[in-house]
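To start, the structure itself, in structure tokens.
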Amino acid sequence: MAKKFNKEVLLSALLLIAVILLLTLGVTQFTTTSNVLVGCDKSCKDTDQGSINLKGTVSVRGDDCNLRERTDYCVDANRLKEYNCDSTNSFNFQTMIVYCEEGCFDGACLSEKQSLEYQGLE
């Protein structure tokens, strides 16, 4: 019976030490998947690399490890809401409204040639 008590005390002490080490080392960037601790990679990716002539999607994984995505779209016939990676914080996105001289269609500013084709003039 004494051996069983010693094993329980030893396991409890090891568990307590592991918890203290995790808290001391400041492990806050972890999420659980299938009961296993997995770190997340903070990142920002823009599929159109900031181009207003291509529809793109920005995918950001920040400090909270959650994935956020935003896709460029036309606000109206001549204005584009463009999302891109924030140059001052590489784990965030920024947005801007861009005036498209030749028009906006399907999340991108049209070039002069695209505008003429879209209007059936070329």
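Each chain of the structure tokens is named A, B, ... in the order shown, its residues numbered from 1; ligands are numbered from 1 in display order.
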Checklist entry - What's the 7 Å shell around Gly103 in chain A, counting only C-alpha atoms, without same-chain residues fewer than 4 positions away, as a ChimeraX atom specification? => result /A:77-78,109-110,115
Next on the checklist: Show me, as a count of residues only, the residues that have an atom within 9 Å of Ile97 in chain A when counting only C-alpha atoms, minus same-chain residues fewer than 3 positions from it.
Outcome noted: 5
Item to check | All residues 7 Å or closer to range 60-71 of chain A, only C-alpha atoms, same chain fewer than 4 positions away omitted, as a list of chain:residue names | outcome: A:Gln29, A:Cys40, A:Lys42, A:Ser43, A:Cys44, A:Lys45, A:Gly56, A:Tyr83, A:Phe91, A:Asn92, A:Phe93
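Remark: for Leu54 in chain A, the closest of the candidate residues A:Glu101, A:Glu8, A:Asp72, A:Asp86 is A:Asp72 (distances computed over only C-alpha atoms).
Atom to atom, CA of Thr57 in chain A and CA of Tyr73 in chain A stand 9.7 Å apart.
Minimum atom-to-atom distance to Ser90 in chain A, evaluated using only C-alpha atoms, belongs to A:Val58 out of A:Val58, A:Cys74, A:Leu15, A:Val9.
Note that the spacing between CA of Ser51 in chain A and CA of Ala108 in chain A amounts to 8.5 Å.
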